[in-house]
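Enquirer: One structure, pasted below without further comment.
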Amino acid sequence: MRRGAGYPSEIFSKDIQMKPETLVSRAQVSPEHMWDLSPLFRSEEEWEALYAEIERDADGYATFEGKLGESSAVFLKAIEFDLGISRRCERLFTYAHLRNDEDKTDSAHQARYDRAVTLHTAVAEKSSYIVPEIQSLDDATVQAYLCDPSLAAYRFYLEKIIRYKPHTRSKEVEHLLAQAGEIHGAASEIFSQLDDADLTFGTITNEEGKDVQLTHGNFSSFLQSPDRAIRKKAFEQYYEVYNSHRYTIAASLGASIKKDRFYAKVRSYPSCIEGSLFSDKVPLSVYDSLLASVKSHMAPLVKYLEHRRRTLGVDELHMYDTYVPLVKDIPFSMSYDEAVATCCDALAPLGADYVETMRKGLLGGWVDRYENKGKRSGAYSSGCYDSPPYILMNYRDDNINSLYTLIHEAGHSMHSHYSHTTQPYHDSGYTIFVAEVASTFNETLLSHHLLKLYANDKAMRSYILNREIDNIRATLYRQTMFAEFEKTTHAMAERNEPLTLDAFRSVYRELLETYFGGALAIDDALELECLRIPHFYHAFYVYKYATGISAAIALAEKVLNEGEPARAAYRKFLTLGGSLFPIDELKAAGVDMSEPATVELALGHFAKLVDEFIG
């Protein structure tokens, strides 16, 4: 709605899985392999000083309460005051969450992060009158402000607030809702602590006969084992832990969905999903069209899964058989520096200045490269308007997924770089809907580059095709299935149907059977997968992965085939930040997501890859 209305830092994340190894402590990590947070704060004392400054200055919100309709001059001062507080809060929060993710066992980092969240909640409470007061202004005053030259830079900012008028409550109710900021995320926090800190999965004996601790980080690596017995044991052992906590996690997920229903009702949205789509001005038809298009194109996926079953030589294909590479014995080794060079070569179609900026950032302090004890798993790009676009990684030389994850997160970070250096603060924050386009676009160009690089290496080319197929399967088909799970379960809550463990399992099994077209044997344990997806605590997020990869495939083809006009349009898109609604930004880039054609193109691309791979 307005800058600072949500948590003050966007985090664009992608889970990646690592092979097991003995981890070093944070203190043992070489500084050249860490991100450089000094552009944010040079010391903890500077952080504390800004914290105290924000606490003090936030009392100034009272100065403007009840006065926003007095004049455009007063209104302008109020907006700039609010944005100034928000900008400083983002800087404070960004540093706190980055340090916390360096080592989740460090109590000082956790305390600093908690204080940053608490301060943000306090600021949100003090500023909670702004939106309802703007929306209570009479139409003549609003029109006068929209036409006032002194407020011209804030026109779109103001228009976005005004369109929320039917969904904003009284000043008193908004004040109460702001006070509930920390409670709002309670279900997510409880699940996160259970999932990341409390759950343990025992050990697995690997191919070398060594007992290795099974973790979130290496679960996928075990599923890629050529030894089916190891894959099956890892799968069953991993899900048995979720089975032993199934009622607790189901209650947590149910509470999160009921929270979404509560806020949708309070804000007078027709449904939870329409409330979620409102901020991006995305029509419900886009969501429904995605589900319909994917489900009408199951044949290529079924064809691929049947080929996978035959290649593996199994009577039935299980989920634990869907990750192991079909092209075996392809050695891969690429150092971090070599990966940066490869990313630069792959993204050459975007121009020398794009490549050089990215190269300097990836080698010069943007990236926290390697895993250490206590470090957050997976990968993400994060930052704020006044910081570099940082990347958290757990890079491995022997895993090609690390190369893809690096170029994915670099896509987010370059998007942030161009948005922040082009747009004013209040228009710089782009939404997740377009964020996933920039990251997946980079991955698409990487695959194109690697397929050309290994044109004469049949085995490696097949390996890359296999990986690209599995990536689209996971991002387009799988995330769409997740999106339908969210839509179905929220609709159940809106009908006051019980959100029990059995209900979740029943819905999820039906979706598994639909989206895998009978080509996969559904183990009972797989029904529990719906209990371990963190994104379900941020409802109606995952569909953006599917629309994002669809737009990315279409735009990458344009850039590769049409040259400079398409490149210029895409580069322009990267600079738009949040200055337009996302559907309009993508139209400027060259694709129209309000029509099914873009998703259909991506599904057609998947079918072509399957045909080429199978031969």
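By order in the structure tokens, chains are A, B, ...; within a chain, residues start at 1; ligands start at 1, following the order shown.
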Between segment 67-125 of chain A and segment 39-63 of chain A, at 12 Å or less, what are the per-residue closest atom pairs and their distances in Å? Count only C-alpha atoms, order by chain and rising residue number, and return it as JSON lines.

Expert:
{"residue": "A:Lys67", "atom": "CA", "partner": "A:Thr63", "partner_atom": "CA", "distance": 8.3}
{"residue": "A:Leu68", "atom": "CA", "partner": "A:Thr63", "partner_atom": "CA", "distance": 10.2}
{"residue": "A:Val74", "atom": "CA", "partner": "A:Thr63", "partner_atom": "CA", "distance": 10.2}
{"residue": "A:Phe75", "atom": "CA", "partner": "A:Thr63", "partner_atom": "CA", "distance": 11.6}
{"residue": "A:Lys77", "atom": "CA", "partner": "A:Thr63", "partner_atom": "CA", "distance": 10.4}
{"residue": "A:Ala78", "atom": "CA", "partner": "A:Tyr61", "partner_atom": "CA", "distance": 8.0}
{"residue": "A:Ile79", "atom": "CA", "partner": "A:Tyr61", "partner_atom": "CA", "distance": 10.4}
{"residue": "A:Glu80", "atom": "CA", "partner": "A:Tyr61", "partner_atom": "CA", "distance": 11.3}
{"residue": "A:Phe81", "atom": "CA", "partner": "A:Tyr61", "partner_atom": "CA", "distance": 8.0}
{"residue": "A:Asp82", "atom": "CA", "partner": "A:Tyr61", "partner_atom": "CA", "distance": 7.7}
{"residue": "A:Leu83", "atom": "CA", "partner": "A:Tyr61", "partner_atom": "CA", "distance": 11.4}
{"residue": "A:Gly84", "atom": "CA", "partner": "A:Ile54", "partner_atom": "CA", "distance": 9.8}
{"residue": "A:Ile85", "atom": "CA", "partner": "A:Ile54", "partner_atom": "CA", "distance": 6.8}
{"residue": "A:Ser86", "atom": "CA", "partner": "A:Ile54", "partner_atom": "CA", "distance": 9.4}
{"residue": "A:Arg87", "atom": "CA", "partner": "A:Ile54", "partner_atom": "CA", "distance": 10.4}
{"residue": "A:Arg88", "atom": "CA", "partner": "A:Ile54", "partner_atom": "CA", "distance": 7.4}
{"residue": "A:Cys89", "atom": "CA", "partner": "A:Ile54", "partner_atom": "CA", "distance": 7.5}
{"residue": "A:Glu90", "atom": "CA", "partner": "A:Leu40", "partner_atom": "CA", "distance": 10.3}
{"residue": "A:Arg91", "atom": "CA", "partner": "A:Leu40", "partner_atom": "CA", "distance": 6.7}
{"residue": "A:Leu92", "atom": "CA", "partner": "A:Trp47", "partner_atom": "CA", "distance": 6.7}
{"residue": "A:Phe93", "atom": "CA", "partner": "A:Trp47", "partner_atom": "CA", "distance": 9.8}
{"residue": "A:Thr94", "atom": "CA", "partner": "A:Leu40", "partner_atom": "CA", "distance": 8.3}
{"residue": "A:Tyr95", "atom": "CA", "partner": "A:Leu40", "partner_atom": "CA", "distance": 6.6}
{"residue": "A:Ala96", "atom": "CA", "partner": "A:Trp47", "partner_atom": "CA", "distance": 8.9}
{"residue": "A:Leu98", "atom": "CA", "partner": "A:Leu40", "partner_atom": "CA", "distance": 10.7}
{"residue": "A:Arg99", "atom": "CA", "partner": "A:Glu44", "partner_atom": "CA", "distance": 10.8}
{"residue": "A:Ala108", "atom": "CA", "partner": "A:Glu44", "partner_atom": "CA", "distance": 10.9}
{"residue": "A:His109", "atom": "CA", "partner": "A:Glu44", "partner_atom": "CA", "distance": 10.7}
{"residue": "A:Arg112", "atom": "CA", "partner": "A:Glu48", "partner_atom": "CA", "distance": 9.5}
{"residue": "A:Tyr113", "atom": "CA", "partner": "A:Trp47", "partner_atom": "CA", "distance": 11.5}
{"residue": "A:Arg115", "atom": "CA", "partner": "A:Tyr51", "partner_atom": "CA", "distance": 9.1}
{"residue": "A:Ala116", "atom": "CA", "partner": "A:Tyr51", "partner_atom": "CA", "distance": 8.1}
{"residue": "A:Val117", "atom": "CA", "partner": "A:Tyr51", "partner_atom": "CA", "distance": 11.4}
{"residue": "A:Thr118", "atom": "CA", "partner": "A:Glu55", "partner_atom": "CA", "distance": 10.9}
{"residue": "A:Leu119", "atom": "CA", "partner": "A:Glu55", "partner_atom": "CA", "distance": 7.4}
{"residue": "A:His120", "atom": "CA", "partner": "A:Ile54", "partner_atom": "CA", "distance": 9.7}
{"residue": "A:Thr121", "atom": "CA", "partner": "A:Glu55", "partner_atom": "CA", "distance": 11.4}
{"residue": "A:Ala122", "atom": "CA", "partner": "A:Glu55", "partner_atom": "CA", "distance": 8.7}
{"residue": "A:Val123", "atom": "CA", "partner": "A:Ala58", "partner_atom": "CA", "distance": 6.4}
{"residue": "A:Ala124", "atom": "CA", "partner": "A:Ala58", "partner_atom": "CA", "distance": 9.7}
{"residue": "A:Glu125", "atom": "CA", "partner": "A:Tyr61", "partner_atom": "CA", "distance": 10.1}

Enquirer: Using DSSP on the backbone coordinates, identify all residues within segment 33-266 of chain A classified as helix (DSSP H, G or I); present the result as a PyMOL selection string.

Expert: chain A and resi 33+44-63+72-102+107-126+130-135+139-147+149-162+165-167+171-179+181-184+186-198+216-223+228-244+246-266

Enquirer: Find the residue from A:Thr322, A:Ser413, A:Thr421, A:Thr200 that sits nearest to Ser244 of chain A; use only C-alpha atoms when measuring.

Expert: A:Thr200

Enquirer: Contacts of His448 of chain A at 10 Å or less, counting only C-alpha atoms, minus same-chain residues fewer than 4 places along, as a CSV table (one decimal) with C-alpha atoms, in the first residue's frame?

Expert:
chain,number,residue,atom,x,y,z
A,346,ALA,CA,25.5,-16.1,-20.1
A,442,ASN,CA,18.6,-15.1,-15.8
A,443,GLU,CA,18.3,-18.9,-15.4
A,444,THR,CA,16.8,-19.2,-18.8
A,452,LYS,CA,25.6,-23.7,-26.8
A,453,LEU,CA,28.8,-24.2,-24.7
A,464,ILE,CA,21.4,-29.6,-18.9
A,465,LEU,CA,18.2,-30.5,-20.8
A,468,GLU,CA,16.0,-27.5,-17.4
A,556,ALA,CA,14.3,-14.5,-22.9
A,557,GLU,CA,13.2,-15.7,-26.3
A,560,LEU,CA,17.7,-13.7,-27.9

Enquirer: Quick one: residues within 12 Å of Leu223 of chain A, only C-alpha atoms, excluding same-chain residues fewer than 3 positions away - as an MDAnalysis selection string?

Expert: chainID A and resid 17:19 204 206 214 216:220 226:238 318:325

Enquirer: For segment 382-395 of chain A, please output as a ChimeraX atom specification all residues within 7 Å (counting only C-alpha atoms; exclusion window: fewer than 4 positions along the same chain).

Expert: /A:9-12,39-40,90-91,94,366-371,378,402,409,413,416-417,420,425

Enquirer: Any chance you could export the current selection's N, CA, C and O atoms as a compact mmCIF listing (two decimals), in the first residue's frame?

Expert:
# COMPACT_ATOMS: atom_id res chain seq x y z
N SER A 9 11.84 -4.89 4.70
CA SER A 9 12.86 -5.38 3.78
C SER A 9 12.29 -6.53 2.98
O SER A 9 11.71 -7.45 3.53
N GLU A 10 12.43 -6.46 1.65
CA GLU A 10 11.98 -7.55 0.81
C GLU A 10 13.08 -8.60 0.72
O GLU A 10 14.26 -8.27 0.62
N ILE A 11 12.69 -9.87 0.80
CA ILE A 11 13.64 -10.96 0.68
C ILE A 11 13.15 -11.88 -0.42
O ILE A 11 12.07 -12.45 -0.33
N PHE A 12 13.94 -11.99 -1.47
CA PHE A 12 13.56 -12.84 -2.59
C PHE A 12 14.42 -14.10 -2.50
O PHE A 12 15.62 -14.07 -2.72
N PRO A 39 28.48 -0.78 4.29
CA PRO A 39 27.65 0.30 3.73
C PRO A 39 26.38 0.55 4.54
O PRO A 39 25.81 1.64 4.48
N LEU A 40 25.95 -0.44 5.31
CA LEU A 40 24.80 -0.25 6.18
C LEU A 40 25.23 0.38 7.50
O LEU A 40 24.74 1.44 7.89
N GLU A 90 14.01 0.48 7.37
CA GLU A 90 14.48 -0.55 6.43
C GLU A 90 15.97 -0.80 6.61
O GLU A 90 16.42 -1.95 6.61
N ARG A 91 16.71 0.27 6.73
CA ARG A 91 18.16 0.12 6.90
C ARG A 91 18.47 -0.63 8.19
O ARG A 91 19.30 -1.55 8.22
N THR A 94 17.26 -4.36 7.81
CA THR A 94 18.08 -5.13 6.87
C THR A 94 19.35 -5.62 7.53
O THR A 94 19.70 -6.81 7.42
N TRP A 366 28.85 -8.20 -2.27
CA TRP A 366 27.41 -8.42 -2.25
C TRP A 366 27.05 -9.77 -1.63
O TRP A 366 25.98 -9.92 -1.07
N VAL A 367 27.94 -10.76 -1.78
CA VAL A 367 27.55 -12.16 -1.55
C VAL A 367 28.22 -12.76 -0.32
O VAL A 367 29.43 -12.65 -0.14
N ASP A 368 27.40 -13.40 0.51
CA ASP A 368 27.91 -14.26 1.58
C ASP A 368 27.90 -15.67 1.02
O ASP A 368 26.85 -16.29 0.87
N ARG A 369 29.08 -16.19 0.68
CA ARG A 369 29.18 -17.27 -0.29
C ARG A 369 28.91 -18.68 0.23
O ARG A 369 28.19 -19.45 -0.40
N TYR A 370 29.53 -19.04 1.35
CA TYR A 370 29.58 -20.45 1.72
C TYR A 370 28.84 -20.74 3.03
O TYR A 370 28.61 -19.87 3.86
N GLU A 371 28.50 -22.02 3.19
CA GLU A 371 27.78 -22.47 4.38
C GLU A 371 28.70 -22.44 5.60
O GLU A 371 29.89 -22.71 5.52
N GLY A 378 19.48 -22.44 2.28
CA GLY A 378 18.95 -21.90 1.03
C GLY A 378 19.72 -20.71 0.53
O GLY A 378 20.93 -20.56 0.74
N SER A 402 24.19 -24.78 -7.60
CA SER A 402 24.75 -23.57 -7.03
C SER A 402 24.98 -22.51 -8.10
O SER A 402 24.76 -21.31 -7.86
N GLU A 409 19.75 -15.47 -8.03
CA GLU A 409 19.78 -14.39 -7.03
C GLU A 409 20.42 -13.12 -7.60
O GLU A 409 20.03 -12.00 -7.22
N SER A 413 19.12 -9.25 -7.53
CA SER A 413 19.97 -8.16 -7.07
C SER A 413 20.18 -7.09 -8.13
O SER A 413 20.20 -5.89 -7.82
N SER A 416 17.08 -5.05 -8.23
CA SER A 416 17.11 -4.07 -7.14
C SER A 416 18.07 -2.93 -7.44
O SER A 416 17.75 -1.75 -7.19
N HIS A 417 19.23 -3.25 -7.96
CA HIS A 417 20.22 -2.22 -8.29
C HIS A 417 19.63 -1.19 -9.24
O HIS A 417 19.72 0.02 -9.00
N HIS A 420 16.66 0.79 -7.60
CA HIS A 420 17.08 1.73 -6.57
C HIS A 420 17.86 2.91 -7.12
O HIS A 420 17.83 4.01 -6.57
N TYR A 425 12.84 6.70 -3.67
CA TYR A 425 12.60 5.69 -2.64
C TYR A 425 11.18 5.15 -2.66
O TYR A 425 10.96 3.93 -2.66

Enquirer: Applying 10 Å and only C-alpha atoms, which residues near His184 of chain A remain after dropping the ones on its own chain fewer than 5 positions away? List them as a list of chain:residue names.

Expert: A:Leu177, A:Ala178, A:Gln179, A:Glu189, A:Ser256, A:Lys259, A:Asp260, A:Tyr263

Enquirer: Write the residues you've just listed into a file as an mmCIF file, in the first residue's frame, and include all heavy atoms for each of them.

Expert:
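Final output, saved to selection.cif:
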data_model
loop_
_atom_site.group_PDB
_atom_site.id
_atom_site.type_symbol
_atom_site.label_atom_id
_atom_site.label_comp_id
_atom_site.auth_asym_id
_atom_site.auth_seq_id
_atom_site.Cartn_x
_atom_site.Cartn_y
_atom_site.Cartn_z
ATOM 1 N N LEU A 177 -5.181 -2.942 14.593
ATOM 2 C CA LEU A 177 -4.558 -3.880 13.659
ATOM 3 C C LEU A 177 -3.041 -3.703 13.629
ATOM 4 O O LEU A 177 -2.294 -4.672 13.516
ATOM 5 C CB LEU A 177 -5.148 -3.705 12.261
ATOM 6 C CG LEU A 177 -6.608 -4.132 12.080
ATOM 7 C CD1 LEU A 177 -7.106 -3.747 10.690
ATOM 8 C CD2 LEU A 177 -6.775 -5.625 12.309
ATOM 9 N N ALA A 178 -2.592 -2.457 13.705
ATOM 10 C CA ALA A 178 -1.153 -2.201 13.726
ATOM 11 C C ALA A 178 -0.508 -2.789 14.971
ATOM 12 O O ALA A 178 0.624 -3.299 14.923
ATOM 13 C CB ALA A 178 -0.889 -0.700 13.661
ATOM 14 N N GLN A 179 -1.220 -2.753 16.092
ATOM 15 C CA GLN A 179 -0.678 -3.315 17.332
ATOM 16 C C GLN A 179 -0.531 -4.832 17.248
ATOM 17 O O GLN A 179 0.249 -5.426 17.995
ATOM 18 C CB GLN A 179 -1.601 -2.957 18.504
ATOM 19 C CG GLN A 179 -1.540 -1.490 18.914
ATOM 20 C CD GLN A 179 -2.472 -1.190 20.067
ATOM 21 O OE1 GLN A 179 -3.650 -1.527 20.038
ATOM 22 N NE2 GLN A 179 -1.939 -0.565 21.099
ATOM 23 N N GLU A 189 6.142 -17.904 12.504
ATOM 24 C CA GLU A 189 7.326 -17.952 13.366
ATOM 25 C C GLU A 189 7.390 -19.274 14.115
ATOM 26 O O GLU A 189 8.467 -19.866 14.262
ATOM 27 C CB GLU A 189 7.302 -16.781 14.345
ATOM 28 C CG GLU A 189 8.506 -16.704 15.262
ATOM 29 C CD GLU A 189 9.821 -16.476 14.526
ATOM 30 O OE1 GLU A 189 9.797 -15.950 13.395
ATOM 31 O OE2 GLU A 189 10.884 -16.829 15.082
ATOM 32 N N SER A 256 -2.687 -20.148 10.394
ATOM 33 C CA SER A 256 -2.232 -19.163 9.415
ATOM 34 C C SER A 256 -3.330 -18.868 8.397
ATOM 35 O O SER A 256 -3.563 -17.708 8.032
ATOM 36 C CB SER A 256 -0.971 -19.668 8.707
ATOM 37 O OG SER A 256 -0.483 -18.710 7.796
ATOM 38 N N LYS A 259 -5.989 -16.829 9.990
ATOM 39 C CA LYS A 259 -5.513 -15.441 10.087
ATOM 40 C C LYS A 259 -5.768 -14.698 8.785
ATOM 41 O O LYS A 259 -6.243 -13.549 8.777
ATOM 42 C CB LYS A 259 -4.021 -15.440 10.443
ATOM 43 C CG LYS A 259 -3.345 -14.073 10.435
ATOM 44 C CD LYS A 259 -2.580 -13.824 9.134
ATOM 45 C CE LYS A 259 -1.463 -14.817 8.957
ATOM 46 N NZ LYS A 259 -0.731 -14.607 7.685
ATOM 47 N N ASP A 260 -5.491 -15.355 7.663
ATOM 48 C CA ASP A 260 -5.756 -14.732 6.361
ATOM 49 C C ASP A 260 -7.243 -14.445 6.185
ATOM 50 O O ASP A 260 -7.631 -13.389 5.673
ATOM 51 C CB ASP A 260 -5.273 -15.650 5.235
ATOM 52 C CG ASP A 260 -3.773 -15.850 5.229
ATOM 53 O OD1 ASP A 260 -3.058 -14.975 5.741
ATOM 54 O OD2 ASP A 260 -3.313 -16.888 4.709
ATOM 55 N N TYR A 263 -8.249 -11.312 8.282
ATOM 56 C CA TYR A 263 -7.877 -10.025 7.693
ATOM 57 C C TYR A 263 -8.690 -9.728 6.430
ATOM 58 O O TYR A 263 -9.023 -8.577 6.159
ATOM 59 C CB TYR A 263 -6.380 -9.996 7.394
ATOM 60 C CG TYR A 263 -5.548 -9.671 8.614
ATOM 61 C CD1 TYR A 263 -4.931 -10.685 9.345
ATOM 62 C CD2 TYR A 263 -5.413 -8.367 9.059
ATOM 63 C CE1 TYR A 263 -4.189 -10.400 10.477
ATOM 64 C CE2 TYR A 263 -4.673 -8.066 10.196
ATOM 65 C CZ TYR A 263 -4.057 -9.090 10.905
ATOM 66 O OH TYR A 263 -3.331 -8.796 12.044
#
